[in-house]
Amino acid sequence: PNSSKANMASRTLLYSFLEYLNSLKSTSDKAEAIDSISAQIQEIFEIDTSPENFQALSYSPVGLSEIFTAGVDALNLQHFEESLSNARLNPKFDSFVSAVQKKGYFEGAEEGSIEYLQRYSKLVNKFKEKAAATANSSSSTAAVEEVVPAVETNAEVEKQAEEYKSQGNAAISAKNYLEAAVLYSKALKLSSNGPNSHIYFSNRAA
């Protein structure tokens, strides 16, 4: 099934390319050369521009150029030169490249060759992925750090409220009712909707 799907994708791409070549003829003085290239593609890959293939493979009226542009935008792609320039803005990039080079990543590829540049582009992409993952991890850590102090603060507030309640209970035992009411009010002021607020209300009412 996967092979069949891949084959269909390849045939669709080839058909789209044939349509693209045909669209160039109206603005080119190389129409005959374009026809020749198109004929060779059809012969080599055993595909033609028949009505049957149009129905099965064409995305008309959207052409290959529009599909390509949409794909580049959707994937947020950059040319190698631009992608490399952006990666070099990160101070960790050079050390990353150096570490990869020491592992023999470029071995067998002449510097400046297409193969070398292709490997370099994969390296740049891998670095960008790692940098993005690190940034996301840092953001998550920062978010947790913002939440934890808030939780700790709430716990401290509840602890202080409980302390006022205990002092209020002690004042009740000593029959210092006014002082007890003040202490329960302080507890309520700190934790009016806390887990023990109903006790503070009850004790103060008593």
# chains A, B, ... in the order shown; residues from 1 in each chain; ligands from 1
$ residues_around --residues "Tyr164 (chain A)" --least-positions-apart "4" --cutoff "12 Å" --atoms "only C-alpha atoms" --output "PyMOL selection string"
chain A and resi 157-160+168-171+179-191+196-197+199-200+203-204
$ residues_around --residues "Ser121 (chain A)" --least-positions-apart "4" --cutoff "9 Å" --atoms "only C-alpha atoms" --output "MDAnalysis selection string"
chainID A and resid 80 83:84 116:117 125:126
$ select_by_dssp --residues "region 5-195 of chain A" --states "alpha helix (DSSP H)" --output "number ranges by chain"
A: 5-24, 31-44, 51-57, 64-75, 80-87, 93-102, 114-173, 177-190
$ closest_residue --among "A:Ala174, A:Ala56, A:Val100, A:Leu21" --to "Arg119 (chain A)" --atoms "only C-alpha atoms"
A:Val100
$ closest_residue --among "A:Ser26, A:Tyr177, A:Ser4, A:Lys128" --to "Lys92 (chain A)" --atoms "only C-alpha atoms"
A:Lys128
$ atom_distance --atom1 "CA of Gly108 (chain A)" --atom2 "CA of Tyr120 (chain A)"
13.1 Å
$ closest_atom_pairs --of "region 26-109 of chain A" --to "region 131-134 of chain A" --cutoff "10 Å" --atoms "only C-alpha atoms" --output "JSON lines"
{"residue": "A:Ala87", "atom": "CA", "partner": "A:Ala131", "partner_atom": "CA", "distance": 9.4}
{"residue": "A:Asn90", "atom": "CA", "partner": "A:Ala131", "partner_atom": "CA", "distance": 8.8}
{"residue": "A:Lys92", "atom": "CA", "partner": "A:Ala131", "partner_atom": "CA", "distance": 9.2}
{"residue": "A:Phe93", "atom": "CA", "partner": "A:Ala131", "partner_atom": "CA", "distance": 9.4}
$ write_last_selection --atoms "N, CA and C atoms" --output "compact mmCIF listing (two decimals), in the first residue's frame"
# COMPACT_ATOMS: atom_id res chain seq x y z
N ALA A 87 21.27 30.51 11.28
CA ALA A 87 21.84 29.58 12.25
C ALA A 87 23.10 30.18 12.89
N ASN A 90 23.19 32.22 16.14
CA ASN A 90 23.21 31.54 17.43
C ASN A 90 24.66 31.27 17.82
N LYS A 92 26.01 29.23 19.65
CA LYS A 92 26.35 27.82 19.85
C LYS A 92 26.54 27.06 18.54
N PHE A 93 26.23 27.72 17.42
CA PHE A 93 26.26 27.01 16.14
C PHE A 93 27.66 26.53 15.76
$ closest_residue --among "A:Ala109, A:Met8, A:Val97, A:Ala155" --to "Phe127 (chain A)" --atoms "only C-alpha atoms"
A:Val97
$ closest_residue --among "A:Ile34, A:Leu57, A:Leu64, A:Leu77" --to "Tyr20 (chain A)" --atoms "only C-alpha atoms"
A:Leu64
$ atom_distance --atom1 "CA of Asp94 (chain A)" --atom2 "CA of Glu110 (chain A)"
19.4 Å
$ closest_residue --among "A:Pro91, A:Pro195, A:Pro51, A:Gly63" --to "Leu13 (chain A)" --atoms "only C-alpha atoms"
A:Gly63
$ atom_distance --atom1 "CA of Gln118 (chain A)" --atom2 "CA of Ser95 (chain A)"
19.5 Å
$ residues_around --residues "Ile37 (chain A)" --least-positions-apart "4" --cutoff "12 Å" --atoms "only C-alpha atoms" --output "ChimeraX atom specification"
/A:17-18,20-22,25,30-33,41-44
$ write_last_selection --atoms "all heavy atoms" --output "CSV table (one decimal), in the first residue's frame"
chain,number,residue,atom,x,y,z
A,17,PHE,N,4.5,18.5,-13.4
A,17,PHE,CA,5.7,19.1,-14.0
A,17,PHE,C,5.5,19.2,-15.5
A,17,PHE,O,5.9,20.2,-16.1
A,17,PHE,CB,7.0,18.2,-13.7
A,17,PHE,CG,8.2,18.8,-14.3
A,17,PHE,CD1,8.7,20.1,-13.8
A,17,PHE,CD2,9.0,18.2,-15.3
A,17,PHE,CE1,9.9,20.6,-14.3
A,17,PHE,CE2,10.1,18.8,-15.8
A,17,PHE,CZ,10.6,20.0,-15.3
A,18,LEU,N,4.9,18.2,-16.1
A,18,LEU,CA,4.6,18.2,-17.5
A,18,LEU,C,3.6,19.4,-17.8
A,18,LEU,O,3.8,20.1,-18.8
A,18,LEU,CB,3.9,16.9,-18.0
A,18,LEU,CG,4.9,15.7,-18.1
A,18,LEU,CD1,4.1,14.4,-18.4
A,18,LEU,CD2,5.9,15.9,-19.2
A,20,TYR,N,3.4,22.1,-16.1
A,20,TYR,CA,4.2,23.3,-15.9
A,20,TYR,C,5.1,23.6,-17.1
A,20,TYR,O,5.1,24.7,-17.6
A,20,TYR,CB,5.1,23.1,-14.6
A,20,TYR,CG,6.1,24.2,-14.4
A,20,TYR,CD1,5.7,25.5,-14.0
A,20,TYR,CD2,7.5,24.1,-14.7
A,20,TYR,CE1,6.5,26.5,-13.8
A,20,TYR,CE2,8.4,25.1,-14.5
A,20,TYR,CZ,7.9,26.3,-14.0
A,20,TYR,OH,8.8,27.4,-13.9
A,21,LEU,N,5.7,22.6,-17.7
A,21,LEU,CA,6.5,22.8,-18.9
A,21,LEU,C,5.6,23.3,-20.0
A,21,LEU,O,6.0,24.2,-20.7
A,21,LEU,CB,7.1,21.4,-19.3
A,21,LEU,CG,8.3,20.9,-18.5
A,21,LEU,CD1,8.8,19.6,-19.0
A,21,LEU,CD2,9.5,21.9,-18.6
A,22,ASN,N,4.4,22.8,-20.1
A,22,ASN,CA,3.5,23.2,-21.2
A,22,ASN,C,3.1,24.7,-21.0
A,22,ASN,O,3.0,25.4,-22.0
A,22,ASN,CB,2.3,22.3,-21.2
A,22,ASN,CG,1.4,22.6,-22.4
A,22,ASN,OD1,1.8,22.4,-23.5
A,22,ASN,ND2,0.1,22.9,-22.2
A,25,LYS,N,5.6,27.3,-22.5
A,25,LYS,CA,5.7,27.5,-24.0
A,25,LYS,C,5.2,28.8,-24.5
A,25,LYS,O,5.7,29.4,-25.4
A,25,LYS,CB,5.0,26.3,-24.7
A,25,LYS,CG,5.7,25.0,-24.5
A,25,LYS,CD,4.9,23.8,-24.9
A,25,LYS,CE,4.3,23.9,-26.3
A,25,LYS,NZ,3.5,22.7,-26.6
A,30,LYS,N,11.6,28.9,-26.8
A,30,LYS,CA,12.2,27.5,-26.8
A,30,LYS,C,11.1,26.5,-26.8
A,30,LYS,O,11.2,25.4,-26.2
A,30,LYS,CB,13.1,27.3,-25.6
A,30,LYS,CG,14.2,28.4,-25.5
A,30,LYS,CD,15.2,28.2,-26.6
A,30,LYS,CE,16.4,29.2,-26.4
A,30,LYS,NZ,17.4,29.2,-27.5
A,31,ALA,N,10.0,26.7,-27.4
A,31,ALA,CA,8.8,25.8,-27.4
A,31,ALA,C,9.2,24.4,-27.9
A,31,ALA,O,8.8,23.4,-27.3
A,31,ALA,CB,7.7,26.4,-28.2
A,32,GLU,N,10.0,24.4,-29.0
A,32,GLU,CA,10.3,23.1,-29.5
A,32,GLU,C,11.2,22.3,-28.5
A,32,GLU,O,11.0,21.1,-28.4
A,32,GLU,CB,11.1,23.2,-30.8
A,32,GLU,CG,10.2,23.7,-32.0
A,32,GLU,CD,10.9,23.7,-33.3
A,32,GLU,OE1,12.0,23.1,-33.4
A,32,GLU,OE2,10.3,24.2,-34.3
A,33,ALA,N,12.1,22.9,-27.9
A,33,ALA,CA,13.0,22.3,-26.9
A,33,ALA,C,12.1,21.8,-25.7
A,33,ALA,O,12.4,20.7,-25.2
A,33,ALA,CB,14.0,23.3,-26.4
A,41,ILE,N,10.4,12.9,-21.0
A,41,ILE,CA,9.9,12.6,-19.7
A,41,ILE,C,8.8,11.6,-19.8
A,41,ILE,O,8.7,10.6,-19.1
A,41,ILE,CB,9.4,13.9,-19.0
A,41,ILE,CG1,10.6,14.7,-18.6
A,41,ILE,CG2,8.6,13.5,-17.7
A,41,ILE,CD1,10.2,16.1,-18.0
A,42,GLN,N,7.9,11.8,-20.8
A,42,GLN,CA,6.8,10.9,-20.9
A,42,GLN,C,7.2,9.5,-21.3
A,42,GLN,O,6.7,8.5,-20.9
A,42,GLN,CB,5.8,11.4,-22.0
A,42,GLN,CG,5.1,12.7,-21.6
A,42,GLN,CD,4.1,13.2,-22.6
A,42,GLN,OE1,3.2,12.5,-23.0
A,42,GLN,NE2,4.4,14.5,-23.1
A,43,GLU,N,8.3,9.4,-22.2
A,43,GLU,CA,8.8,8.1,-22.6
A,43,GLU,C,9.5,7.4,-21.5
A,43,GLU,O,9.3,6.2,-21.2
A,43,GLU,CB,9.7,8.3,-23.8
A,43,GLU,CG,10.3,7.0,-24.4
A,43,GLU,CD,11.2,7.2,-25.5
A,43,GLU,OE1,11.3,8.4,-26.0
A,43,GLU,OE2,11.8,6.2,-26.0
A,44,ILE,N,10.4,8.1,-20.8
A,44,ILE,CA,11.2,7.5,-19.7
A,44,ILE,C,10.4,7.0,-18.6
A,44,ILE,O,10.6,5.9,-18.1
A,44,ILE,CB,12.3,8.6,-19.2
A,44,ILE,CG1,13.3,8.9,-20.3
A,44,ILE,CG2,13.0,8.0,-18.0
A,44,ILE,CD1,14.2,10.0,-20.0
